[in-house]
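File shown here: start_15.csv, holding CSV, C-alpha atoms.
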```csv
chain,number,residue,atom,x,y,z
A,1,MET,CA,33.9,14.7,-84.1
A,2,THR,CA,31.7,11.7,-84.1
A,3,VAL,CA,29.2,12.6,-81.3
A,4,ILE,CA,28.9,16.4,-81.1
A,5,GLY,CA,26.6,17.6,-83.9
A,6,THR,CA,25.1,14.2,-84.5
A,7,ASN,CA,21.4,13.6,-83.9
A,8,VAL,CA,20.9,10.5,-81.7
A,9,ARG,CA,17.7,8.7,-81.2
A,10,ARG,CA,16.6,8.1,-77.6
A,11,ALA,CA,17.7,4.8,-76.3
A,12,ASP,CA,14.2,4.0,-75.0
A,13,GLY,CA,12.4,5.6,-78.0
A,14,GLU,CA,11.6,2.5,-80.0
A,15,ASP,CA,9.8,0.7,-77.1
A,16,LYS,CA,7.8,3.9,-76.5
A,17,VAL,CA,6.7,4.3,-80.2
A,18,ARG,CA,5.8,0.6,-80.4
A,19,GLY,CA,3.7,0.8,-77.3
A,20,THR,CA,5.8,-1.9,-75.6
A,21,ALA,CA,7.5,0.4,-73.0
A,22,VAL,CA,6.3,-0.7,-69.5
A,23,TYR,CA,5.1,2.2,-67.3
A,24,GLY,CA,4.0,1.9,-63.7
A,25,MET,CA,0.4,1.6,-64.8
A,26,ASP,CA,1.2,-1.3,-67.0
A,27,TYR,CA,2.9,-3.4,-64.3
A,28,THR,CA,1.5,-5.5,-61.5
A,29,GLU,CA,3.9,-7.1,-59.0
A,30,PRO,CA,3.2,-10.8,-59.0
A,31,GLY,CA,1.3,-11.7,-55.8
A,32,ALA,CA,0.6,-8.1,-55.0
A,33,LEU,CA,-2.2,-7.6,-52.5
A,34,ALA,CA,-5.0,-5.1,-53.1
A,35,GLY,CA,-6.2,-3.0,-50.1
A,36,LYS,CA,-9.3,-1.0,-49.5
A,37,ILE,CA,-10.0,1.5,-46.8
A,38,LEU,CA,-13.4,1.3,-45.1
A,39,ARG,CA,-14.1,4.5,-43.3
A,40,SER,CA,-16.7,5.0,-40.6
A,41,ALA,CA,-20.0,6.4,-41.6
A,42,VAL,CA,-20.6,7.6,-38.0
A,43,PRO,CA,-18.5,10.3,-36.3
A,44,ALA,CA,-16.4,9.2,-33.3
A,45,ALA,CA,-17.6,5.7,-33.7
A,46,ARG,CA,-15.6,2.6,-32.5
A,47,ILE,CA,-15.1,-0.4,-34.8
A,48,VAL,CA,-16.4,-3.4,-32.8
A,49,ALA,CA,-16.8,-5.9,-35.7
A,50,LEU,CA,-16.1,-6.1,-39.4
A,51,ASP,CA,-18.2,-8.2,-41.8
A,52,THR,CA,-15.7,-9.7,-44.3
A,53,SER,CA,-18.1,-12.3,-45.6
A,54,LYS,CA,-18.2,-10.7,-49.0
A,55,ALA,CA,-14.5,-11.1,-49.4
A,56,ASP,CA,-14.4,-14.5,-47.8
A,57,GLY,CA,-17.1,-15.9,-50.0
A,58,ASP,CA,-15.8,-14.7,-53.3
A,59,ALA,CA,-14.0,-17.4,-55.3
A,60,ARG,CA,-12.2,-14.7,-57.3
A,61,ARG,CA,-10.4,-13.5,-54.1
A,62,PRO,CA,-8.9,-16.7,-52.7
A,63,GLY,CA,-6.0,-14.9,-51.1
A,64,ARG,CA,-7.7,-12.7,-48.5
A,65,ARG,CA,-5.4,-11.8,-45.7
A,66,ASP,CA,-6.2,-10.4,-42.3
A,67,GLY,CA,-4.7,-6.9,-41.8
A,68,GLY,CA,-2.9,-5.7,-38.7
B,1,MET,CA,-24.2,-12.1,-75.0
B,2,PRO,CA,-20.5,-11.6,-75.7
B,3,TYR,CA,-19.3,-8.8,-77.9
B,4,SER,CA,-16.9,-9.7,-80.6
B,5,PHE,CA,-14.7,-7.6,-82.8
B,6,THR,CA,-11.3,-7.8,-84.4
B,7,VAL,CA,-8.2,-6.3,-82.7
B,8,ASN,CA,-5.2,-5.8,-84.9
B,9,GLY,CA,-6.5,-8.4,-87.3
B,10,ARG,CA,-7.4,-11.0,-84.7
B,11,LEU,CA,-10.9,-12.0,-83.6
B,12,ALA,CA,-11.5,-11.0,-79.9
B,13,ALA,CA,-14.6,-11.4,-77.7
B,14,SER,CA,-15.6,-10.1,-74.3
B,15,ASP,CA,-18.3,-11.0,-71.8
B,16,ALA,CA,-18.1,-7.6,-70.0
B,17,SER,CA,-21.1,-5.4,-69.9
B,18,GLY,CA,-21.8,-3.2,-72.8
B,19,LEU,CA,-20.9,0.1,-71.0
B,20,THR,CA,-17.5,-1.2,-70.1
B,21,PRO,CA,-14.9,1.3,-71.5
B,22,LEU,CA,-13.1,-0.3,-74.4
B,23,ILE,CA,-9.7,0.5,-72.9
B,24,SER,CA,-10.5,-1.8,-69.9
B,25,VAL,CA,-11.1,-4.7,-72.3
B,26,LEU,CA,-8.0,-4.0,-74.3
B,27,ARG,CA,-5.7,-3.6,-71.3
B,28,ASP,CA,-7.1,-5.9,-68.7
B,29,GLU,CA,-8.7,-8.7,-70.8
B,30,LEU,CA,-6.6,-8.7,-74.0
B,31,GLY,CA,-3.3,-7.6,-72.4
B,32,LEU,CA,-2.8,-4.8,-74.9
B,33,ARG,CA,-1.3,-2.2,-72.6
B,34,GLY,CA,0.0,0.2,-75.3
B,35,ALA,CA,-3.0,2.5,-75.0
B,36,LYS,CA,-2.7,4.4,-71.7
B,37,LEU,CA,-5.5,5.5,-69.3
B,38,GLY,CA,-4.5,9.1,-68.8
B,39,CYS,CA,-7.4,11.2,-67.7
B,40,GLY,CA,-10.2,8.7,-68.1
B,41,GLU,CA,-12.5,11.4,-69.3
B,42,GLY,CA,-11.7,11.9,-73.0
B,43,ARG,CA,-9.5,14.9,-72.7
B,44,CYS,CA,-6.0,13.7,-73.1
B,45,GLY,CA,-6.1,11.2,-75.9
B,46,ALA,CA,-3.5,8.8,-74.5
B,47,CYS,CA,-6.0,6.0,-74.9
B,48,THR,CA,-6.7,6.7,-78.6
B,49,VAL,CA,-7.3,3.6,-80.8
B,50,LEU,CA,-8.8,3.3,-84.2
B,51,ILE,CA,-12.4,2.0,-84.7
B,52,ASP,CA,-13.1,1.3,-88.4
B,53,GLY,CA,-10.2,3.7,-89.2
B,54,GLN,CA,-11.4,6.5,-87.0
B,55,PRO,CA,-9.6,7.7,-83.9
B,56,VAL,CA,-11.6,7.3,-80.7
B,57,VAL,CA,-10.8,7.8,-77.0
B,58,SER,CA,-11.1,4.2,-75.8
B,59,CYS,CA,-11.6,5.4,-72.2
B,60,LEU,CA,-15.1,6.7,-73.1
B,61,TYR,CA,-15.9,4.3,-75.9
B,62,PRO,CA,-18.4,1.7,-74.8
B,63,LEU,CA,-17.6,-2.0,-75.5
B,64,ALA,CA,-21.0,-2.4,-77.1
B,65,ASN,CA,-20.2,0.1,-79.7
B,66,ALA,CA,-17.2,-1.9,-80.7
B,67,ASP,CA,-19.3,-5.0,-81.5
B,68,ASN,CA,-18.3,-6.2,-85.0
B,69,ALA,CA,-15.9,-3.3,-85.4
B,70,VAL,CA,-12.3,-3.3,-86.6
B,71,VAL,CA,-10.2,-2.1,-83.7
B,72,ARG,CA,-6.5,-1.1,-84.2
B,73,THR,CA,-4.1,-0.3,-81.4
B,74,VAL,CA,-0.4,0.8,-81.4
B,75,GLU,CA,0.6,-2.9,-81.1
B,76,GLY,CA,-0.9,-3.5,-84.5
B,77,LEU,CA,1.2,-1.0,-86.4
B,78,ALA,CA,4.5,-2.8,-86.5
B,79,ALA,CA,5.0,-6.3,-85.3
B,80,PRO,CA,7.9,-6.8,-82.8
B,81,ASP,CA,10.3,-8.0,-85.5
B,82,GLU,CA,9.2,-5.7,-88.2
B,83,PRO,CA,10.4,-2.2,-89.1
B,84,LEU,CA,8.5,0.8,-87.7
B,85,THR,CA,5.8,2.5,-89.8
B,86,PRO,CA,6.8,5.8,-91.3
B,87,ILE,CA,5.1,7.9,-88.6
B,88,GLN,CA,6.7,5.9,-85.8
B,89,ASP,CA,10.1,6.3,-87.5
B,90,ALA,CA,9.7,10.0,-88.1
B,91,LEU,CA,8.7,10.6,-84.5
B,92,LEU,CA,12.0,9.1,-83.4
B,93,SER,CA,14.0,11.0,-86.0
B,94,CYS,CA,12.4,14.3,-85.2
B,95,GLY,CA,12.7,14.0,-81.4
B,96,GLY,CA,8.9,13.9,-81.0
B,97,ILE,CA,9.1,11.5,-78.1
B,98,GLN,CA,10.1,12.3,-74.5
B,99,CYS,CA,8.3,10.5,-71.7
B,100,GLY,CA,6.2,8.8,-74.3
B,101,ALA,CA,3.0,8.3,-72.4
B,102,CYS,CA,1.0,10.2,-75.0
B,103,ILE,CA,2.7,8.5,-78.0
B,104,PRO,CA,0.6,5.4,-78.4
B,105,GLY,CA,-2.5,7.6,-78.8
B,106,ILE,CA,-0.7,10.2,-80.9
B,107,VAL,CA,0.6,7.5,-83.2
B,108,MET,CA,-2.9,6.2,-83.8
B,109,THR,CA,-4.4,9.7,-84.4
B,110,LEU,CA,-1.6,10.5,-86.9
B,111,THR,CA,-1.8,7.0,-88.6
B,112,ALA,CA,-5.5,7.7,-89.3
B,113,LEU,CA,-4.6,11.2,-90.7
B,114,LEU,CA,-1.8,9.8,-92.9
B,115,GLU,CA,-4.0,7.0,-94.2
B,116,GLY,CA,-6.6,9.6,-95.3
B,117,ALA,CA,-7.1,10.7,-98.8
B,118,THR,CA,-5.8,14.2,-98.4
B,119,GLU,CA,-2.2,15.3,-98.0
B,120,PRO,CA,-1.9,16.7,-94.5
B,121,GLY,CA,-0.5,20.2,-94.1
B,122,ASP,CA,0.6,22.0,-91.0
B,123,ALA,CA,-2.9,23.3,-90.2
B,124,SER,CA,-4.6,19.9,-90.6
B,125,VAL,CA,-2.0,18.2,-88.4
B,126,ARG,CA,-2.6,20.7,-85.7
B,127,ASP,CA,-6.3,20.2,-86.0
B,128,GLU,CA,-6.0,16.5,-85.8
B,129,LEU,CA,-3.8,16.7,-82.7
B,130,ALA,CA,-6.4,18.8,-80.8
B,131,GLY,CA,-7.5,15.7,-78.9
B,132,ASN,CA,-4.0,14.5,-77.9
B,133,ILE,CA,-2.2,16.2,-75.1
B,134,CYS,CA,1.6,16.0,-74.8
B,135,ARG,CA,3.1,17.7,-71.8
B,136,CYS,CA,6.7,17.2,-72.8
B,137,THR,CA,7.5,18.2,-76.4
B,138,GLY,CA,5.5,21.3,-77.1
B,139,TYR,CA,4.0,19.6,-80.2
B,140,GLN,CA,6.3,21.2,-82.8
B,141,LYS,CA,8.5,18.1,-83.2
B,142,ILE,CA,5.4,15.9,-83.4
B,143,ILE,CA,4.1,18.1,-86.2
B,144,ASP,CA,7.5,18.1,-87.9
B,145,ALA,CA,7.5,14.3,-87.8
B,146,THR,CA,4.0,14.1,-89.3
B,147,LEU,CA,4.9,16.3,-92.2
B,148,ARG,CA,8.1,14.3,-92.7
B,149,ALA,CA,6.1,11.0,-92.8
B,150,ALA,CA,3.5,12.6,-95.1
B,151,GLY,CA,6.3,13.8,-97.4
B,152,ALA,CA,7.9,10.4,-97.5
B,153,ARG,CA,4.5,9.0,-98.5
B,154,SER,CA,4.0,11.4,-101.3
B,155,ASP,CA,7.6,10.9,-102.5
B,156,GLY,CA,7.0,7.2,-102.6
B,157,GLU,CA,3.8,7.7,-104.6
B,158,THR,CA,5.4,9.8,-107.3
B,159,ALA,CA,8.5,7.7,-107.6
```

Starting from the coordinates I provided, produce the structure as structure tokens.
Amino acid sequence: MTVIGTNVRRADGEDKVRGTAVYGMDYTEPGALAGKILRSAVPAARIVALDTSKADGDARRPGRRDGG
Amino acid sequence: MPYSFTVNGRLAASDASGLTPLISVLRDELGLRGAKLGCGEGRCGACTVLIDGQPVVSCLYPLANADNAVVRTVEGLAAPDEPLTPIQDALLSCGGIQCGACIPGIVMTLTALLEGATEPGDASVRDELAGNICRCTGYQKIIDATLRAAGARSDGETA
């Protein structure tokens, strides 16, 4: 028998022990958008306007999108 | 004032504030994503790196403290085209790796232990691993691997 009774190293083990295995936390989809939830500070309030100037004016976030 | 230090033998610098966790600089600025941000509060050890030879949890280690230090991460142990270090090899041989999220930290803790002057025994390996949590293996195979790597080292010294 060539398989039974033989110790086999895991196929993905070497990447893991070298630290090169890519986990979810290590990967970012190219062009992925980041979202943030702004919750009301006032109970039962209605949103009538949203000040997005901070996002608009930040040169590091040139890709701001308007949400639905 | 930028902070500068060496990482795996290369000079690195960061303009981040002094209280920035070292792991943020390593992962996000330097692209070294071997160290994992597990708990982010120093309990799990997945982010362990070596500072001047000592294991530290890089999620709590302030960038300012790394100024002028010698930082080593899992990426610095074996270059991509080079053979594994004895502890990396032993972890694979002994089945000490399952999901592997803890392994970059565990490898650094054990590397520091094996580079120490004293021959590690079962008890000292267990003591050293106190700061590294592994949820898969139950530790025994990691301990076996460490003792195997330590044995290979002492065999090499006497040969």

Taking only C-alpha atoms into account, produce a table as a Markdown table in which each residue of chain A with an atom at most 10 Å from an atom of chain B appears once, together with its shortest atom pair and the distance in Å to one decimal, ordered by chain and rising number.
```
| residue | atom | partner | partner_atom | distance |
| --- | --- | --- | --- | --- |
| A:Asn7 | CA | B:Ser93 | CA | 8.1 |
| A:Val8 | CA | B:Ser93 | CA | 8.1 |
| A:Arg9 | CA | B:Leu92 | CA | 6.1 |
| A:Arg10 | CA | B:Leu92 | CA | 7.5 |
| A:Asp12 | CA | B:Gln98 | CA | 9.3 |
| A:Gly13 | CA | B:Leu92 | CA | 6.4 |
| A:Glu14 | CA | B:Leu92 | CA | 7.4 |
| A:Asp15 | CA | B:Gly100 | CA | 9.3 |
| A:Lys16 | CA | B:Gly100 | CA | 5.6 |
| A:Val17 | CA | B:Gln88 | CA | 5.8 |
| A:Arg18 | CA | B:Val74 | CA | 6.3 |
| A:Gly19 | CA | B:Gly34 | CA | 4.2 |
| A:Thr20 | CA | B:Gly34 | CA | 6.2 |
| A:Ala21 | CA | B:Gly34 | CA | 7.8 |
| A:Val22 | CA | B:Arg33 | CA | 8.3 |
| A:Tyr23 | CA | B:Ala101 | CA | 8.2 |
| A:Met25 | CA | B:Lys36 | CA | 8.1 |
| A:Asp26 | CA | B:Arg33 | CA | 6.2 |
| A:Tyr27 | CA | B:Arg33 | CA | 9.4 |
```

When you draw a straight line from CA of Gly121 in chain B to CA of Leu147 in chain B, how long is it in Å?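 Distance between the two atoms: 6.9 Å.
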
Given only C-alpha atoms, how would the per-residue table for range 63-136 of chain B near range 21-25 of chain B read, listing every residue at most 10 Å away with its closest atom pair and distance in Å to one decimal, sorted by chain and number, as CSV?
```
residue,atom,partner,partner_atom,distance
B:Leu63,CA,B:Leu22,CA,4.9
B:Ala64,CA,B:Leu22,CA,8.6
B:Asn65,CA,B:Leu22,CA,8.9
B:Ala66,CA,B:Leu22,CA,7.7
B:Val71,CA,B:Leu22,CA,9.9
```

How many Å lie between CA of Thr111 in chain B and CA of Gly9 in chain B, rounded to one decimal?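 If I compute the distance from CA of Thr111 in chain B to CA of Gly9 in chain B, I get 16.2 Å.
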
Considering only C-alpha atoms, return as number ranges by chain whatever protein or nucleic-acid residues lie within 6 Å of range 49-57 of chain B, sequence-local ones (same chain, fewer than 3 positions apart) excluded. B: 42, 45, 60, 70-73, 108-109

Could you please take those selected residues and save C-alpha atoms as a PDB file, in the frame of the given file?
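New file result_34.pdb:
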```
ATOM      1  CA  GLY B  42     -11.700  11.900 -73.000  1.00  0.00           C
ATOM      2  CA  GLY B  45      -6.100  11.200 -75.900  1.00  0.00           C
ATOM      3  CA  LEU B  60     -15.100   6.700 -73.100  1.00  0.00           C
ATOM      4  CA  VAL B  70     -12.300  -3.300 -86.600  1.00  0.00           C
ATOM      5  CA  VAL B  71     -10.200  -2.100 -83.700  1.00  0.00           C
ATOM      6  CA  ARG B  72      -6.500  -1.100 -84.200  1.00  0.00           C
ATOM      7  CA  THR B  73      -4.100  -0.300 -81.400  1.00  0.00           C
ATOM      8  CA  MET B 108      -2.900   6.200 -83.800  1.00  0.00           C
ATOM      9  CA  THR B 109      -4.400   9.700 -84.400  1.00  0.00           C
TER      10      THR B 109
END
```

What separation in Å, quoted to one decimal, exists between CA of Ala145 in chain B and CA of Ser58 in chain B? 24.3 Å
